[in-house]
$ cat my_file_8.pdb   # PDB, C-alpha atoms
MODEL        1
ATOM      1  CA  MET F   1    -223.371 124.642-162.020
ATOM      2  CA  ASP F   2    -222.371 121.190-163.283
ATOM      3  CA  LYS F   3    -223.210 118.318-160.971
ATOM      4  CA  LYS F   4    -220.108 116.838-159.319
ATOM      5  CA  ILE F   5    -219.975 113.078-159.671
ATOM      6  CA  VAL F   6    -217.352 110.696-158.314
ATOM      7  CA  VAL F   7    -217.215 107.166-159.691
ATOM      8  CA  ILE F   8    -215.449 104.496-157.645
ATOM      9  CA  GLY F   9    -215.013 101.673-160.074
ATOM     10  CA  SER F  10    -213.383  99.509-162.672
ATOM     11  CA  LEU F  11    -211.292 100.185-165.738
ATOM     12  CA  ASN F  12    -211.003  97.331-168.241
ATOM     13  CA  ILE F  13    -209.757  96.841-171.733
ATOM     14  CA  ASP F  14    -212.587  94.971-173.488
ATOM     15  CA  ILE F  15    -211.779  92.222-175.955
ATOM     16  CA  VAL F  16    -214.982  91.648-177.941
ATOM     17  CA  LEU F  17    -215.325  88.318-179.743
ATOM     18  CA  ASN F  18    -218.091  88.159-182.365
ATOM     19  CA  LEU F  19    -219.766  84.788-182.935
ATOM     20  CA  ALA F  20    -223.077  83.387-184.120
ATOM     21  CA  ARG F  21    -223.827  81.735-180.766
ATOM     22  CA  LEU F  22    -222.029  80.490-177.683
ATOM     23  CA  PRO F  23    -220.211  77.172-178.128
ATOM     24  CA  ARG F  24    -221.484  74.085-176.374
ATOM     25  CA  GLU F  25    -219.198  72.114-174.069
ATOM     26  CA  GLY F  26    -216.375  70.589-176.109
ATOM     27  CA  GLU F  27    -217.379  72.470-179.273
ATOM     28  CA  THR F  28    -215.115  74.728-181.345
ATOM     29  CA  LEU F  29    -216.673  77.614-183.275
ATOM     30  CA  SER F  30    -215.176  80.198-185.597
ATOM     31  CA  LEU F  31    -215.260  83.877-184.698
ATOM     32  CA  SER F  32    -216.645  86.363-187.191
ATOM     33  CA  GLY F  33    -214.665  89.249-185.728
ATOM     34  CA  LYS F  34    -212.644  90.686-182.854
ATOM     35  CA  THR F  35    -212.350  94.241-181.534
ATOM     36  CA  ILE F  36    -210.550  95.842-178.591
ATOM     37  CA  ASN F  37    -212.223  98.746-176.770
ATOM     38  CA  PHE F  38    -212.106 100.691-173.531
ATOM     39  CA  GLY F  39    -214.597  99.453-170.951
ATOM     40  CA  GLY F  40    -215.221  98.396-167.376
ATOM     41  CA  LYS F  41    -218.464  99.260-165.635
ATOM     42  CA  GLY F  42    -216.902 102.165-163.788
ATOM     43  CA  ALA F  43    -215.341 103.660-166.900
ATOM     44  CA  ASN F  44    -218.540 103.259-168.911
ATOM     45  CA  GLN F  45    -220.647 104.931-166.227
ATOM     46  CA  ALA F  46    -218.158 107.769-165.819
ATOM     47  CA  VAL F  47    -218.075 108.499-169.546
ATOM     48  CA  ALA F  48    -221.880 108.354-169.745
ATOM     49  CA  ALA F  49    -222.208 110.857-166.883
ATOM     50  CA  LYS F  50    -219.566 113.149-168.366
ATOM     51  CA  ARG F  51    -221.199 113.118-171.801
ATOM     52  CA  GLN F  52    -224.427 114.216-170.084
ATOM     53  CA  GLY F  53    -222.695 117.383-168.906
ATOM     54  CA  SER F  54    -221.540 116.497-165.386
ATOM     55  CA  HIS F  55    -218.167 117.133-163.784
ATOM     56  CA  VAL F  56    -216.757 113.636-163.197
ATOM     57  CA  ASP F  57    -213.778 112.393-161.179
ATOM     58  CA  PHE F  58    -212.727 108.759-161.114
ATOM     59  CA  ILE F  59    -211.270 106.748-158.240
ATOM     60  CA  GLY F  60    -209.833 103.467-159.471
ATOM     61  CA  ALA F  61    -206.666 101.622-160.426
ATOM     62  CA  VAL F  62    -204.811 100.548-163.552
ATOM     63  CA  GLY F  63    -201.492  98.824-164.101
ATOM     64  CA  LYS F  64    -198.331 100.704-164.822
ATOM     65  CA  ASP F  65    -198.562  99.471-168.394
ATOM     66  CA  SER F  66    -199.570 100.654-171.865
ATOM     67  CA  ASP F  67    -203.241  99.840-171.196
ATOM     68  CA  GLY F  68    -203.116 102.038-168.109
ATOM     69  CA  ASP F  69    -201.507 104.829-170.124
ATOM     70  CA  SER F  70    -204.292 104.504-172.684
ATOM     71  CA  PHE F  71    -206.962 104.961-170.014
ATOM     72  CA  ILE F  72    -205.274 108.089-168.657
ATOM     73  CA  ASN F  73    -205.168 109.490-172.193
ATOM     74  CA  LEU F  74    -208.833 108.594-172.769
ATOM     75  CA  PHE F  75    -210.006 110.299-169.574
ATOM     76  CA  ASP F  76    -207.882 113.335-170.376
ATOM     77  CA  LYS F  77    -209.592 113.536-173.774
ATOM     78  CA  GLU F  78    -213.062 113.045-172.239
ATOM     79  CA  GLY F  79    -212.439 115.661-169.546
ATOM     80  CA  ILE F  80    -212.772 113.182-166.654
ATOM     81  CA  GLY F  81    -210.587 113.739-163.583
ATOM     82  CA  PHE F  82    -207.879 111.054-163.644
ATOM     83  CA  ASN F  83    -205.399 112.184-160.975
ATOM     84  CA  SER F  84    -207.238 109.914-158.515
ATOM     85  CA  ILE F  85    -206.504 106.799-160.608
ATOM     86  CA  GLU F  86    -203.787 104.771-158.894
ATOM     87  CA  ARG F  87    -201.022 103.120-160.950
ATOM     88  CA  LYS F  88    -200.210  99.613-159.670
ATOM     89  CA  VAL F  89    -196.723  98.362-160.485
ATOM     90  CA  ASP F  90    -197.247  94.677-159.652
ATOM     91  CA  VAL F  91    -200.488  93.947-161.523
ATOM     92  CA  SER F  92    -201.815  94.631-165.016
ATOM     93  CA  THR F  93    -204.786  96.735-166.090
ATOM     94  CA  GLY F  94    -208.059  94.793-165.972
ATOM     95  CA  ASN F  95    -209.550  92.979-168.956
ATOM     96  CA  ALA F  96    -213.046  91.892-169.974
ATOM     97  CA  TYR F  97    -213.651  89.189-172.556
ATOM     98  CA  ILE F  98    -217.023  89.729-174.208
ATOM     99  CA  MET F  99    -218.642  87.075-176.367
ATOM    100  CA  LEU F 100    -221.119  88.951-178.555
ATOM    101  CA  GLU F 101    -223.687  86.793-180.338
ATOM    102  CA  ASP F 102    -225.425  87.645-183.598
ATOM    103  CA  ASP F 103    -228.702  88.301-181.718
ATOM    104  CA  SER F 104    -226.899  91.099-179.763
ATOM    105  CA  HIS F 105    -226.779  89.163-176.458
ATOM    106  CA  ASN F 106    -223.453  89.095-174.689
ATOM    107  CA  THR F 107    -221.638  86.914-172.176
ATOM    108  CA  ILE F 108    -218.792  88.561-170.251
ATOM    109  CA  MET F 109    -215.799  87.210-168.336
ATOM    110  CA  VAL F 110    -213.689  89.652-166.317
ATOM    111  CA  LEU F 111    -210.054  89.513-165.226
ATOM    112  CA  GLY F 112    -209.962  92.066-162.408
ATOM    113  CA  GLY F 113    -206.255  92.881-162.478
ATOM    114  CA  ALA F 114    -205.513  96.301-160.994
ATOM    115  CA  ASN F 115    -209.195  96.864-160.254
ATOM    116  CA  MET F 116    -209.043  94.282-157.481
ATOM    117  CA  ALA F 117    -205.930  95.944-156.035
ATOM    118  CA  LEU F 118    -207.810  99.157-155.166
ATOM    119  CA  THR F 119    -207.570  99.685-151.408
ATOM    120  CA  VAL F 120    -209.246 101.716-148.697
ATOM    121  CA  GLU F 121    -206.010 103.700-148.465
ATOM    122  CA  ASP F 122    -206.265 104.536-152.183
ATOM    123  CA  VAL F 123    -209.777 105.889-151.679
ATOM    124  CA  GLU F 124    -208.739 107.782-148.559
ATOM    125  CA  LYS F 125    -206.049 109.624-150.550
ATOM    126  CA  HIS F 126    -208.795 111.181-152.633
ATOM    127  CA  LYS F 127    -211.567 111.546-150.062
ATOM    128  CA  ALA F 128    -211.670 115.314-150.656
ATOM    129  CA  LEU F 129    -213.262 114.545-154.037
ATOM    130  CA  ILE F 130    -215.971 112.504-152.311
ATOM    131  CA  GLU F 131    -216.500 115.160-149.654
ATOM    132  CA  SER F 132    -217.329 117.730-152.337
ATOM    133  CA  ALA F 133    -219.388 115.400-154.571
ATOM    134  CA  ASP F 134    -223.106 115.619-155.302
ATOM    135  CA  VAL F 135    -223.337 111.974-156.365
ATOM    136  CA  VAL F 136    -221.060 108.982-155.732
ATOM    137  CA  VAL F 137    -221.491 105.906-157.948
ATOM    138  CA  ALA F 138    -219.999 102.434-157.473
ATOM    139  CA  GLN F 139    -220.232  98.915-158.849
ATOM    140  CA  LEU F 140    -218.744  95.653-157.530
ATOM    141  CA  GLU F 141    -215.789  95.256-159.906
ATOM    142  CA  VAL F 142    -213.469  96.674-157.232
ATOM    143  CA  PRO F 143    -213.064  95.428-153.622
ATOM    144  CA  GLN F 144    -216.103  96.078-151.454
ATOM    145  CA  ALA F 145    -213.951  97.511-148.666
ATOM    146  CA  ALA F 146    -212.991 100.417-150.934
ATOM    147  CA  ILE F 147    -216.637 101.067-151.838
ATOM    148  CA  ASP F 148    -217.668 100.782-148.205
ATOM    149  CA  TYR F 149    -215.234 103.495-147.180
ATOM    150  CA  GLY F 150    -216.182 105.714-150.125
ATOM    151  CA  PHE F 151    -219.914 105.453-149.411
ATOM    152  CA  LYS F 152    -219.318 106.154-145.704
ATOM    153  CA  ILE F 153    -217.503 109.397-146.576
ATOM    154  CA  ALA F 154    -220.203 110.248-149.134
ATOM    155  CA  HIS F 155    -223.005 109.899-146.593
ATOM    156  CA  GLU F 156    -221.154 111.863-143.945
ATOM    157  CA  ASN F 157    -220.938 114.737-146.446
ATOM    158  CA  GLY F 158    -224.449 114.627-147.900
ATOM    159  CA  ALA F 159    -223.773 113.080-151.314
ATOM    160  CA  LEU F 160    -226.324 110.832-153.023
ATOM    161  CA  THR F 161    -225.001 107.283-153.410
ATOM    162  CA  ILE F 162    -225.910 104.940-156.278
ATOM    163  CA  LEU F 163    -224.862 101.271-156.164
ATOM    164  CA  ASN F 164    -224.903  99.002-159.197
ATOM    165  CA  PRO F 165    -224.513  95.516-157.615
ATOM    166  CA  ALA F 166    -222.747  93.950-160.576
ATOM    167  CA  PRO F 167    -221.309  91.433-161.294
ATOM    168  CA  VAL F 168    -224.031  89.177-159.894
ATOM    169  CA  THR F 169    -223.625  88.345-156.213
ATOM    170  CA  ASN F 170    -225.709  87.572-153.153
ATOM    171  CA  LYS F 171    -223.089  89.025-150.821
ATOM    172  CA  VAL F 172    -222.864  92.800-150.457
ATOM    173  CA  LEU F 173    -221.526  94.245-147.226
ATOM    174  CA  PRO F 174    -224.482  95.391-145.084
ATOM    175  CA  SER F 175    -222.604  98.614-144.350
ATOM    176  CA  ILE F 176    -222.490  99.414-148.087
ATOM    177  CA  LEU F 177    -226.232  98.817-148.425
ATOM    178  CA  LYS F 178    -226.879 100.924-145.323
ATOM    179  CA  ASN F 179    -225.201 103.864-147.067
ATOM    180  CA  THR F 180    -226.836 103.240-150.463
ATOM    181  CA  ASP F 181    -229.509 105.776-151.411
ATOM    182  CA  LEU F 182    -230.452 104.146-154.713
ATOM    183  CA  LEU F 183    -229.813 100.517-155.670
ATOM    184  CA  VAL F 184    -229.783  99.789-159.419
ATOM    185  CA  PRO F 185    -229.525  96.076-160.316
ATOM    186  CA  ASN F 186    -230.797  94.262-163.388
ATOM    187  CA  GLU F 187    -233.341  91.486-162.904
ATOM    188  CA  THR F 188    -230.656  88.815-162.422
ATOM    189  CA  GLU F 189    -228.666  90.879-159.926
ATOM    190  CA  ALA F 190    -231.826  91.802-158.009
ATOM    191  CA  ALA F 191    -232.867  88.159-157.737
ATOM    192  CA  ALA F 192    -229.416  87.095-156.518
ATOM    193  CA  LEU F 193    -229.474  89.690-153.741
ATOM    194  CA  LEU F 194    -232.836  88.331-152.591
ATOM    195  CA  ASN F 195    -231.887  84.651-153.143
ATOM    196  CA  LEU F 196    -234.798  84.232-155.566
ATOM    197  CA  GLU F 197    -235.223  83.319-159.217
ATOM    198  CA  PRO F 198    -234.955  86.173-161.732
ATOM    199  CA  THR F 199    -238.191  87.667-163.015
ATOM    200  CA  THR F 200    -239.278  90.464-165.326
ATOM    201  CA  GLU F 201    -242.957  90.094-164.381
ATOM    202  CA  ILE F 202    -244.217  93.303-162.834
ATOM    203  CA  ASP F 203    -246.626  91.563-160.439
ATOM    204  CA  LYS F 204    -243.779  89.498-159.006
ATOM    205  CA  LEU F 205    -241.502  92.521-158.742
ATOM    206  CA  VAL F 206    -244.215  94.368-156.822
ATOM    207  CA  GLU F 207    -244.497  91.406-154.441
ATOM    208  CA  ARG F 208    -240.762  91.624-153.822
ATOM    209  CA  ILE F 209    -240.742  95.314-152.857
ATOM    210  CA  PRO F 210    -240.926  94.610-149.081
ATOM    211  CA  LEU F 211    -238.004  92.174-149.377
ATOM    212  CA  PHE F 212    -235.618  94.876-150.532
ATOM    213  CA  GLU F 213    -236.107  96.741-147.278
ATOM    214  CA  ARG F 214    -236.425  93.714-145.008
ATOM    215  CA  LEU F 215    -233.484  91.719-146.405
ATOM    216  CA  LEU F 216    -231.242  94.473-147.759
ATOM    217  CA  GLY F 217    -232.283  97.572-145.835
ATOM    218  CA  VAL F 218    -232.845  99.420-149.125
ATOM    219  CA  LYS F 219    -235.987 101.505-149.647
ATOM    220  CA  ASN F 220    -235.311 102.990-153.080
ATOM    221  CA  PHE F 221    -234.343 100.870-156.058
ATOM    222  CA  VAL F 222    -234.571 100.551-159.837
ATOM    223  CA  VAL F 223    -234.493  97.155-161.555
ATOM    224  CA  THR F 224    -233.468  97.384-165.196
ATOM    225  CA  LEU F 225    -235.309  94.900-167.411
ATOM    226  CA  GLY F 226    -233.522  95.150-170.745
ATOM    227  CA  ASP F 227    -235.872  95.712-173.656
ATOM    228  CA  GLN F 228    -238.859  95.802-171.272
ATOM    229  CA  GLY F 229    -237.698  98.970-169.548
ATOM    230  CA  ALA F 230    -237.068  99.728-165.864
ATOM    231  CA  PHE F 231    -239.149  98.959-162.770
ATOM    232  CA  TYR F 232    -238.751 101.420-159.908
ATOM    233  CA  ASN F 233    -239.782 101.697-156.295
ATOM    234  CA  VAL F 234    -238.784 105.173-155.102
ATOM    235  CA  ASN F 235    -240.155 107.339-152.291
ATOM    236  CA  GLY F 236    -242.985 104.857-151.758
ATOM    237  CA  ASP F 237    -244.204 104.821-155.388
ATOM    238  CA  TRP F 238    -243.616 102.080-157.946
ATOM    239  CA  ASN F 239    -244.167 101.773-161.686
ATOM    240  CA  LEU F 240    -242.587 100.694-164.961
ATOM    241  CA  VAL F 241    -240.894 102.999-167.453
ATOM    242  CA  LYS F 242    -241.050 101.197-170.770
ATOM    243  CA  ALA F 243    -238.064 100.833-173.061
ATOM    244  CA  LEU F 244    -238.018 102.309-176.536
ATOM    245  CA  LYS F 245    -238.279  99.835-179.406
ATOM    246  CA  VAL F 246    -235.037  99.771-181.383
ATOM    247  CA  ASP F 247    -233.037  97.296-183.448
ATOM    248  CA  ALA F 248    -230.280  96.336-181.013
ATOM    249  CA  ILE F 249    -226.921  95.145-182.306
ATOM    250  CA  ASP F 250    -224.776  95.278-179.133
ATOM    251  CA  THR F 251    -226.053  95.555-175.549
ATOM    252  CA  THR F 252    -222.594  95.670-173.913
ATOM    253  CA  ALA F 253    -222.759  99.134-172.319
ATOM    254  CA  ALA F 254    -226.526  99.563-172.091
ATOM    255  CA  GLY F 255    -226.847  99.178-168.328
ATOM    256  CA  ASP F 256    -223.799 101.314-167.591
ATOM    257  CA  THR F 257    -225.031 104.088-169.885
ATOM    258  CA  PHE F 258    -228.382 103.930-168.088
ATOM    259  CA  ILE F 259    -226.731 104.370-164.680
ATOM    260  CA  GLY F 260    -224.323 107.103-165.774
ATOM    261  CA  THR F 261    -227.198 109.048-167.296
ATOM    262  CA  MET F 262    -229.231 108.631-164.116
ATOM    263  CA  ALA F 263    -226.365 109.937-162.007
ATOM    264  CA  ALA F 264    -226.045 113.021-164.200
ATOM    265  CA  HIS F 265    -229.716 114.005-163.958
ATOM    266  CA  ILE F 266    -231.070 112.694-160.656
ATOM    267  CA  GLN F 267    -232.017 115.105-157.862
ATOM    268  CA  LYS F 268    -230.847 114.319-154.347
ATOM    269  CA  ASP F 269    -234.391 113.686-153.103
ATOM    270  CA  LEU F 270    -235.097 111.412-156.136
ATOM    271  CA  SER F 271    -238.236 113.447-156.850
ATOM    272  CA  ASN F 272    -237.593 113.524-160.609
ATOM    273  CA  ILE F 273    -237.155 109.752-160.891
ATOM    274  CA  VAL F 274    -239.643 109.260-163.753
ATOM    275  CA  ASP F 275    -238.068 111.898-165.991
ATOM    276  CA  VAL F 276    -234.602 110.611-165.111
ATOM    277  CA  LEU F 277    -235.543 107.044-166.019
ATOM    278  CA  LYS F 278    -236.919 108.260-169.326
ATOM    279  CA  MET F 279    -233.632 110.043-170.030
ATOM    280  CA  ALA F 280    -231.676 106.943-169.049
ATOM    281  CA  THR F 281    -233.915 104.764-171.212
ATOM    282  CA  ALA F 282    -233.388 107.102-174.148
ATOM    283  CA  ALA F 283    -229.617 106.914-173.668
ATOM    284  CA  SER F 284    -229.669 103.112-173.507
ATOM    285  CA  SER F 285    -231.830 102.904-176.618
ATOM    286  CA  ILE F 286    -229.122 104.758-178.527
ATOM    287  CA  VAL F 287    -226.139 102.807-177.222
ATOM    288  CA  VAL F 288    -227.557  99.374-178.138
ATOM    289  CA  THR F 289    -227.780 100.400-181.800
ATOM    290  CA  ARG F 290    -223.991 100.910-181.933
ATOM    291  CA  ASP F 291    -220.974  98.636-181.618
ATOM    292  CA  GLY F 292    -218.716  98.668-178.596
ATOM    293  CA  ALA F 293    -218.892 100.101-175.093
ATOM    294  CA  ILE F 294    -217.421 103.593-174.591
ATOM    295  CA  PRO F 295    -217.399 104.427-178.325
ATOM    296  CA  ALA F 296    -221.168 103.832-178.393
ATOM    297  CA  ILE F 297    -222.141 106.062-175.442
ATOM    298  CA  PRO F 298    -224.206 109.060-176.632
ATOM    299  CA  ARG F 299    -223.835 112.729-175.776
ATOM    300  CA  LYS F 300    -226.420 114.916-174.062
ATOM    301  CA  GLU F 301    -227.907 116.445-177.197
ATOM    302  CA  GLU F 302    -228.510 112.989-178.690
ATOM    303  CA  VAL F 303    -230.206 111.764-175.521
ATOM    304  CA  ILE F 304    -232.433 114.836-175.263
ATOM    305  CA  ALA F 305    -233.538 114.395-178.878
ATOM    306  CA  GLU F 306    -234.493 110.773-178.195
ATOM    307  CA  TYR F 307    -236.132 111.656-174.855
ATOM    308  CA  GLU F 308    -238.368 114.225-176.551
ATOM    309  CA  LYS F 309    -239.836 111.465-178.724
ATOM    310  CA  MET F 310    -241.151 109.630-175.636
TER     311      MET F 310
ENDMDL
END
$ encode --input "my_file_8.pdb" --output "structure tokens"
Amino acid sequence: MDKKIVVIGSLNIDIVLNLARLPREGETLSLSGKTINFGGKGANQAVAAKRQGSHVDFIGAVGKDSDGDSFINLFDKEGIGFNSIERKVDVSTGNAYIMLEDDSHNTIMVLGGANMALTVEDVEKHKALIESADVVVAQLEVPQAAIDYGFKIAHENGALTILNPAPVTNKVLPSILKNTDLLVPNETEAAALLNLEPTTEIDKLVERIPLFERLLGVKNFVVTLGDQGAFYNVNGDWNLVKALKVDAIDTTAAGDTFIGTMAAHIQKDLSNIVDVLKMATAASSIVVTRDGAIPAIPRKEEVIAEYEKM
């Protein structure tokens, strides 16, 4: 039976601006291109999980506008449950402005829009989806109160919860962290939560393991390290799963694809964490070789083929 996943998260229209490098203060640079795509961390993760064969429902919000209509049509096409997406009449669908440099690095600015209008009451309307879920995934591009309520319902009903603490913040509600089974930040997000400087050095990450439990109350976590791979501390064991070497052209949806793939394959007791991280790494290695966010996310057969090379 397909795994049931509920994503509580963001839906953005991405405006991607291509440029050689970021401008300095007061400097004007020419763009080499511009594209408009579907995105938002929640949407990306939901599509990634669905394309890995899971049953996915989405709890979120869009404006009552053409962008919102487009998202409903996209999810209908992808086979993602969209009846739990609220339509907000007084605010527009969210946007992300992505500055994509020639070296594939990106800088992202987000206008929350309808995402930030998601309420506890909106989540409560669709709590039956959470009550029947195997996995509930959230990020921080919607109000934390909505996530807090969703994770509370998830834990009361035995679902595995995965939190991606992005965008970067050092303030996550303790009640959310208490109900988080697996925390998945990148190195910058992990450092912010611990009020430390970012690091990709394994020795330093090992030294920080006790801080995750002492400061955050989280025992199980994965820190994604870009082209270095993913460091994990799960069920008392830690190690590094190395990334595959590829020629990256756009890293926009890499982390979200990683998390969506994890959600689709992880077991509730996290006992298959190494294999899952290899699958997620394989998925990310594919997405960074393609342009865009959702258009670049691979399907299950592609990920399995890449995984079998590892």
$ resolve_selection --input "my_file_8.pdb" --expression "the PyMOL selection byres ((chain F and resi 42) around 7)" --output "number ranges by chain"
F: 7-11, 40-41, 43-46, 139
$ residues_around --input "my_file_8.pdb" --residues "Ser66 (chain F)" --least-positions-apart "3" --cutoff "12 Å" --atoms "all atoms listed in the file" --output "compact mmCIF listing (two decimals) with C-alpha atoms, in the coordinates of the input"
# COMPACT_ATOMS: atom_id res chain seq x y z
CA ILE F 13 -209.76 96.84 -171.73
CA VAL F 62 -204.81 100.55 -163.55
CA GLY F 63 -201.49 98.82 -164.10
CA ASP F 69 -201.51 104.83 -170.12
CA SER F 70 -204.29 104.50 -172.68
CA PHE F 71 -206.96 104.96 -170.01
CA ILE F 72 -205.27 108.09 -168.66
CA ASN F 73 -205.17 109.49 -172.19
CA ARG F 87 -201.02 103.12 -160.95
CA VAL F 89 -196.72 98.36 -160.49
CA SER F 92 -201.82 94.63 -165.02
CA THR F 93 -204.79 96.74 -166.09
CA GLY F 94 -208.06 94.79 -165.97
$ residues_near_point --input "my_file_8.pdb" --point "(-220.9, 112.6, -177.2)" --cutoff "9 Å" --atoms "only C-alpha atoms" --output "list in words"
Ala48, Lys50, Arg51, Gln52, Pro295, Ala296, Ile297, Pro298, Arg299, Lys300, Glu301 and Glu302 of chain F
$ resolve_selection --input "my_file_8.pdb" --expression "the PyMOL selection byres ((chain F and resi 240-244) around 12)" --output "PDB file with C-alpha atoms, in the frame of the given file"
ATOM      1  CA  THR F 200    -239.278  90.464-165.326  1.00  0.00           C
ATOM      2  CA  GLU F 201    -242.957  90.094-164.381  1.00  0.00           C
ATOM      3  CA  ILE F 202    -244.217  93.303-162.834  1.00  0.00           C
ATOM      4  CA  ASP F 203    -246.626  91.563-160.439  1.00  0.00           C
ATOM      5  CA  LEU F 205    -241.502  92.521-158.742  1.00  0.00           C
ATOM      6  CA  VAL F 206    -244.215  94.368-156.822  1.00  0.00           C
ATOM      7  CA  VAL F 222    -234.571 100.551-159.837  1.00  0.00           C
ATOM      8  CA  VAL F 223    -234.493  97.155-161.555  1.00  0.00           C
ATOM      9  CA  THR F 224    -233.468  97.384-165.196  1.00  0.00           C
ATOM     10  CA  LEU F 225    -235.309  94.900-167.411  1.00  0.00           C
ATOM     11  CA  GLY F 226    -233.522  95.150-170.745  1.00  0.00           C
ATOM     12  CA  ASP F 227    -235.872  95.712-173.656  1.00  0.00           C
ATOM     13  CA  GLN F 228    -238.859  95.802-171.272  1.00  0.00           C
ATOM     14  CA  GLY F 229    -237.698  98.970-169.548  1.00  0.00           C
ATOM     15  CA  ALA F 230    -237.068  99.728-165.864  1.00  0.00           C
ATOM     16  CA  PHE F 231    -239.149  98.959-162.770  1.00  0.00           C
ATOM     17  CA  TYR F 232    -238.751 101.420-159.908  1.00  0.00           C
ATOM     18  CA  ASN F 233    -239.782 101.697-156.295  1.00  0.00           C
ATOM     19  CA  VAL F 234    -238.784 105.173-155.102  1.00  0.00           C
ATOM     20  CA  ASP F 237    -244.204 104.821-155.388  1.00  0.00           C
ATOM     21  CA  TRP F 238    -243.616 102.080-157.946  1.00  0.00           C
ATOM     22  CA  ASN F 239    -244.167 101.773-161.686  1.00  0.00           C
ATOM     23  CA  LYS F 245    -238.279  99.835-179.406  1.00  0.00           C
ATOM     24  CA  VAL F 246    -235.037  99.771-181.383  1.00  0.00           C
ATOM     25  CA  ASP F 247    -233.037  97.296-183.448  1.00  0.00           C
ATOM     26  CA  ALA F 248    -230.280  96.336-181.013  1.00  0.00           C
ATOM     27  CA  ALA F 254    -226.526  99.563-172.091  1.00  0.00           C
ATOM     28  CA  PHE F 258    -228.382 103.930-168.088  1.00  0.00           C
ATOM     29  CA  ILE F 273    -237.155 109.752-160.891  1.00  0.00           C
ATOM     30  CA  VAL F 274    -239.643 109.260-163.753  1.00  0.00           C
ATOM     31  CA  ASP F 275    -238.068 111.898-165.991  1.00  0.00           C
ATOM     32  CA  VAL F 276    -234.602 110.611-165.111  1.00  0.00           C
ATOM     33  CA  LEU F 277    -235.543 107.044-166.019  1.00  0.00           C
ATOM     34  CA  LYS F 278    -236.919 108.260-169.326  1.00  0.00           C
ATOM     35  CA  MET F 279    -233.632 110.043-170.030  1.00  0.00           C
ATOM     36  CA  ALA F 280    -231.676 106.943-169.049  1.00  0.00           C
ATOM     37  CA  THR F 281    -233.915 104.764-171.212  1.00  0.00           C
ATOM     38  CA  ALA F 282    -233.388 107.102-174.148  1.00  0.00           C
ATOM     39  CA  ALA F 283    -229.617 106.914-173.668  1.00  0.00           C
ATOM     40  CA  SER F 284    -229.669 103.112-173.507  1.00  0.00           C
ATOM     41  CA  SER F 285    -231.830 102.904-176.618  1.00  0.00           C
ATOM     42  CA  ILE F 286    -229.122 104.758-178.527  1.00  0.00           C
ATOM     43  CA  VAL F 287    -226.139 102.807-177.222  1.00  0.00           C
ATOM     44  CA  VAL F 288    -227.557  99.374-178.138  1.00  0.00           C
ATOM     45  CA  THR F 289    -227.780 100.400-181.800  1.00  0.00           C
ATOM     46  CA  GLU F 306    -234.493 110.773-178.195  1.00  0.00           C
ATOM     47  CA  TYR F 307    -236.132 111.656-174.855  1.00  0.00           C
ATOM     48  CA  GLU F 308    -238.368 114.225-176.551  1.00  0.00           C
ATOM     49  CA  LYS F 309    -239.836 111.465-178.724  1.00  0.00           C
ATOM     50  CA  MET F 310    -241.151 109.630-175.636  1.00  0.00           C
TER      51      MET F 310
END
$ resolve_selection --input "my_file_8.pdb" --expression "the PyMOL selection byres ((chain F and resi 147-158) around 8)" --output "PyMOL selection string"
chain F and resi 8+120+123-124+127+130-134+136+138+142-146+159-161+173+175-176+179-180
$ atom_distance --input "my_file_8.pdb" --atom1 "CA of Leu216 (chain F)" --atom2 "CA of Asn195 (chain F)"
11.2 Å
$ closest_residue --input "my_file_8.pdb" --among "F:Ser54, F:Ala96, F:Leu183, F:Ala49" --to "Thr35 (chain F)" --atoms "only C-alpha atoms"
F:Ala96
$ atom_distance --input "my_file_8.pdb" --atom1 "CA of Arg21 (chain F)" --atom2 "CA of Gly33 (chain F)"
12.8 Å
$ atom_distance --input "my_file_8.pdb" --atom1 "CA of Leu31 (chain F)" --atom2 "CA of Thr251 (chain F)"
18.3 Å
$ closest_residue --input "my_file_8.pdb" --among "F:Glu187, F:Leu182, F:Asn95, F:Asn18" --to "Thr199 (chain F)" --atoms "only C-alpha atoms"
F:Glu187
$ closest_residue --input "my_file_8.pdb" --among "F:Ala253, F:Ile259, F:Ile209, F:Leu17" --to "Pro185 (chain F)" --atoms "all atoms listed in the file"
F:Ile259
$ build_atoms --input "my_file_8.pdb" --residues "region 246-252 of chain F" --atoms "N, CA and C atoms" --output "short mmCIF file (atom, residue, chain, number, x, y, z; two decimals), keeping the file's coordinate frame"
data_model
loop_
_atom_site.label_atom_id
_atom_site.label_comp_id
_atom_site.auth_asym_id
_atom_site.auth_seq_id
_atom_site.Cartn_x
_atom_site.Cartn_y
_atom_site.Cartn_z
N VAL F 246 -236.11 99.50 -180.43
CA VAL F 246 -235.04 99.77 -181.38
C VAL F 246 -234.49 98.44 -181.88
N ASP F 247 -233.72 98.49 -182.94
CA ASP F 247 -233.04 97.30 -183.45
C ASP F 247 -231.66 97.22 -182.81
N ALA F 248 -231.53 96.42 -181.76
CA ALA F 248 -230.28 96.34 -181.01
C ALA F 248 -229.26 95.48 -181.75
N ILE F 249 -228.00 95.94 -181.72
CA ILE F 249 -226.92 95.14 -182.31
C ILE F 249 -225.84 94.80 -181.27
N ASP F 250 -225.79 95.54 -180.15
CA ASP F 250 -224.78 95.28 -179.13
C ASP F 250 -225.24 95.90 -177.82
N THR F 251 -225.52 95.06 -176.83
CA THR F 251 -226.05 95.56 -175.55
C THR F 251 -224.97 95.75 -174.48
N THR F 252 -223.71 95.70 -174.87
CA THR F 252 -222.59 95.67 -173.91
C THR F 252 -222.66 96.78 -172.87
#
